[in-house]
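Undergrad: Mind having a look at this structure? Questions to follow.
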Amino acid sequence: MWGKGKKGEDVPSFLSRVAGRLEFPVDVGEGLPQLQLMGNREAIVEGCQRVLEYHDGLVRLYTGRLRIKFVGRGLRMEYLTGNTVKITGRMTSVEFQQG
């Protein structure tokens with residue numbers, strides 16, 4: 001998030017400056033997904049572009065810059081609204097893979 005200024009000093013990038021002024025995380029401005037986990041029983045993912053795979057033991061999502069894989073038992077997609085997905089069940093792992 002930092003670049004080099006005229007004298008070689010670190011300066012915040014444009015996205016960092018905008019995010020700071022608007023008071024939202026820099027990751028939102030960079031297109032990274034937002035994840036909210038409630039223990040191992042519930043996950044809400046904002047920024048989902050596509051469901052790649054879905055069954056009771058595995059949910060794989062595509063978010064543009066990341067692929068996110070949820071592994072567990074009894075996994076269910078409670079809703080898929082716009083770009084937000086809610087997954088419930090007993091999650092045993094969450095894995096991330098670049099684009």
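Ligands are numbered from 1 in the order shown, chains are lettered A, B, ... in the order of the structure tokens, and residues start at 1 in each chain.
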Excluding same-chain residues fewer than 3 positions from stretch 52-62 of chain A, what lies within 9 Å of it counting only C-alpha atoms, as a PyMOL selection string?
TA: chain A and resi 47-49+65-77+87+89+91+99
Undergrad: Write the residues of the preceding selection, restricted to C-alpha atoms, as a CSV table (one decimal), in the first residue's frame.
TA:
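Writing the result to out13.csv gives the following:
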```csv
chain,number,residue,atom,x,y,z
A,47,GLY,CA,-17.5,-9.9,-2.8
A,48,CYS,CA,-18.4,-13.4,-4.2
A,49,GLN,CA,-18.6,-13.4,-8.0
A,65,ARG,CA,-8.7,-12.0,-6.6
A,66,LEU,CA,-9.1,-15.0,-4.4
A,67,ARG,CA,-10.7,-18.4,-4.4
A,68,ILE,CA,-12.0,-19.4,-1.0
A,69,LYS,CA,-12.7,-23.0,0.0
A,70,PHE,CA,-14.7,-24.0,3.0
A,71,VAL,CA,-14.4,-27.7,4.1
A,72,GLY,CA,-16.6,-29.3,6.8
A,73,ARG,CA,-19.8,-31.2,7.4
A,74,GLY,CA,-23.4,-30.2,6.8
A,75,LEU,CA,-22.4,-27.1,4.9
A,76,ARG,CA,-25.3,-25.1,3.5
A,77,MET,CA,-25.5,-21.8,1.6
A,87,ILE,CA,-22.5,-20.4,4.7
A,89,GLY,CA,-22.5,-25.8,9.1
A,91,MET,CA,-16.4,-25.8,9.1
A,99,GLY,CA,-7.2,-15.7,-8.4
```
Undergrad: In Å, how far is it from atom CA of A:Ala43 to atom CA of A:Thr92?
TA: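 Distance between the two atoms: 12.2 Å.
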Undergrad: DSSP says helix (DSSP H, G or I) for which residues of stretch 22-77 of chain A? Put them as number ranges by chain?
TA: A: 22, 26-29
Undergrad: So how far away is atom CA of A:Gln98 from atom CA of A:Gly39, in Å?
TA: 24.0 Å
Undergrad: So that I can check the secondary structure, give me every residue of stretch 19-91 of chain A assigned strand (DSSP E) by backbone DSSP, as an MDAnalysis selection string.
TA: chainID A and resid 34:38 42:46 50:55 58:62 66:81 84:91
Undergrad: Write out, as a short mmCIF file (atom, residue, chain, number, x, y, z; two decimals), in the first residue's frame, the residues just selected, with N, CA and C atoms.
TA:
```
data_model
loop_
_atom_site.label_atom_id
_atom_site.label_comp_id
_atom_site.auth_asym_id
_atom_site.auth_seq_id
_atom_site.Cartn_x
_atom_site.Cartn_y
_atom_site.Cartn_z
N GLN A 34 -14.59 -9.48 1.72
CA GLN A 34 -14.71 -9.29 3.16
C GLN A 34 -15.29 -10.59 3.74
N LEU A 35 -14.65 -11.14 4.77
CA LEU A 35 -15.13 -12.36 5.42
C LEU A 35 -15.47 -12.06 6.86
N GLN A 36 -16.59 -12.61 7.29
CA GLN A 36 -16.99 -12.51 8.69
C GLN A 36 -17.25 -13.94 9.15
N LEU A 37 -16.49 -14.39 10.15
CA LEU A 37 -16.63 -15.74 10.68
C LEU A 37 -17.20 -15.68 12.09
N MET A 38 -18.17 -16.54 12.35
CA MET A 38 -18.71 -16.70 13.69
C MET A 38 -18.34 -18.12 14.14
N GLU A 42 -20.48 -20.42 11.03
CA GLU A 42 -21.12 -19.50 10.09
C GLU A 42 -20.07 -18.60 9.46
N ALA A 43 -20.21 -18.36 8.16
CA ALA A 43 -19.32 -17.45 7.44
C ALA A 43 -20.16 -16.61 6.49
N ILE A 44 -19.87 -15.32 6.46
CA ILE A 44 -20.50 -14.42 5.49
C ILE A 44 -19.37 -13.87 4.63
N VAL A 45 -19.51 -14.03 3.32
CA VAL A 45 -18.50 -13.58 2.37
C VAL A 45 -19.13 -12.52 1.48
N GLU A 46 -18.56 -11.32 1.51
CA GLU A 46 -18.99 -10.25 0.62
C GLU A 46 -17.94 -10.12 -0.47
N ARG A 50 -18.83 -15.80 -7.99
CA ARG A 50 -19.32 -17.05 -8.56
C ARG A 50 -19.13 -18.19 -7.56
N VAL A 51 -20.06 -19.12 -7.54
CA VAL A 51 -19.93 -20.35 -6.75
C VAL A 51 -19.31 -21.39 -7.68
N LEU A 52 -18.13 -21.89 -7.30
CA LEU A 52 -17.42 -22.85 -8.13
C LEU A 52 -17.84 -24.28 -7.85
N GLU A 53 -18.11 -24.57 -6.58
CA GLU A 53 -18.48 -25.93 -6.19
C GLU A 53 -19.28 -25.85 -4.89
N TYR A 54 -20.27 -26.72 -4.77
CA TYR A 54 -21.11 -26.67 -3.59
C TYR A 54 -21.72 -28.03 -3.31
N HIS A 55 -21.42 -28.59 -2.14
CA HIS A 55 -22.12 -29.76 -1.60
C HIS A 55 -21.92 -29.74 -0.09
N LEU A 58 -18.23 -29.30 1.09
CA LEU A 58 -17.31 -28.38 0.44
C LEU A 58 -18.06 -27.24 -0.23
N VAL A 59 -17.57 -26.02 -0.03
CA VAL A 59 -18.07 -24.85 -0.76
C VAL A 59 -16.85 -24.10 -1.26
N ARG A 60 -16.79 -23.89 -2.57
CA ARG A 60 -15.70 -23.11 -3.17
C ARG A 60 -16.28 -21.90 -3.86
N LEU A 61 -15.71 -20.72 -3.55
CA LEU A 61 -16.21 -19.45 -4.08
C LEU A 61 -15.11 -18.74 -4.85
N TYR A 62 -15.50 -18.01 -5.89
CA TYR A 62 -14.58 -17.18 -6.66
C TYR A 62 -14.90 -15.72 -6.35
N LEU A 66 -9.33 -13.81 -5.21
CA LEU A 66 -9.12 -15.00 -4.38
C LEU A 66 -10.16 -16.05 -4.66
N ARG A 67 -9.74 -17.31 -4.49
CA ARG A 67 -10.69 -18.42 -4.41
C ARG A 67 -10.69 -18.84 -2.95
N ILE A 68 -11.89 -19.03 -2.41
CA ILE A 68 -12.01 -19.40 -1.00
C ILE A 68 -12.70 -20.75 -0.92
N LYS A 69 -12.10 -21.68 -0.17
CA LYS A 69 -12.65 -23.02 -0.03
C LYS A 69 -12.99 -23.29 1.43
N PHE A 70 -14.25 -23.65 1.68
CA PHE A 70 -14.72 -24.03 3.01
C PHE A 70 -14.90 -25.55 3.01
N VAL A 71 -14.29 -26.23 3.97
CA VAL A 71 -14.42 -27.68 4.10
C VAL A 71 -15.06 -27.97 5.44
N GLY A 72 -15.95 -28.96 5.49
CA GLY A 72 -16.58 -29.31 6.75
C GLY A 72 -17.68 -30.33 6.57
N ARG A 73 -18.65 -30.29 7.48
CA ARG A 73 -19.79 -31.22 7.44
C ARG A 73 -21.08 -30.41 7.49
N GLY A 74 -22.07 -30.85 6.74
CA GLY A 74 -23.37 -30.19 6.76
C GLY A 74 -23.34 -28.76 6.30
N LEU A 75 -22.46 -28.45 5.35
CA LEU A 75 -22.36 -27.07 4.88
C LEU A 75 -23.55 -26.72 4.00
N ARG A 76 -24.11 -25.55 4.25
CA ARG A 76 -25.27 -25.05 3.48
C ARG A 76 -25.04 -23.60 3.13
N MET A 77 -25.46 -23.23 1.95
CA MET A 77 -25.49 -21.81 1.59
C MET A 77 -26.87 -21.31 1.97
N GLU A 78 -26.94 -20.53 3.03
CA GLU A 78 -28.22 -20.01 3.52
C GLU A 78 -28.80 -19.01 2.54
N TYR A 79 -27.93 -18.18 1.97
CA TYR A 79 -28.39 -17.25 0.94
C TYR A 79 -27.23 -16.82 0.07
N LEU A 80 -27.57 -16.41 -1.14
CA LEU A 80 -26.64 -15.82 -2.09
C LEU A 80 -27.38 -14.61 -2.66
N THR A 81 -27.04 -13.43 -2.15
CA THR A 81 -27.74 -12.21 -2.51
C THR A 81 -26.73 -11.24 -3.11
N THR A 84 -23.09 -11.39 -1.90
CA THR A 84 -22.91 -11.83 -0.51
C THR A 84 -23.45 -13.25 -0.34
N VAL A 85 -22.63 -14.10 0.30
CA VAL A 85 -23.00 -15.49 0.55
C VAL A 85 -22.91 -15.76 2.04
N LYS A 86 -23.90 -16.47 2.58
CA LYS A 86 -23.84 -16.92 3.97
C LYS A 86 -23.77 -18.44 3.96
N ILE A 87 -22.74 -18.97 4.62
CA ILE A 87 -22.52 -20.41 4.70
C ILE A 87 -22.63 -20.83 6.15
N THR A 88 -23.38 -21.90 6.40
CA THR A 88 -23.50 -22.43 7.76
C THR A 88 -23.12 -23.91 7.75
N GLY A 89 -22.88 -24.45 8.92
CA GLY A 89 -22.48 -25.85 9.08
C GLY A 89 -21.31 -25.93 10.03
N ARG A 90 -20.63 -27.06 10.01
CA ARG A 90 -19.43 -27.25 10.84
C ARG A 90 -18.20 -27.19 9.95
N MET A 91 -17.56 -26.05 9.94
CA MET A 91 -16.39 -25.84 9.10
C MET A 91 -15.15 -26.36 9.82
#
```
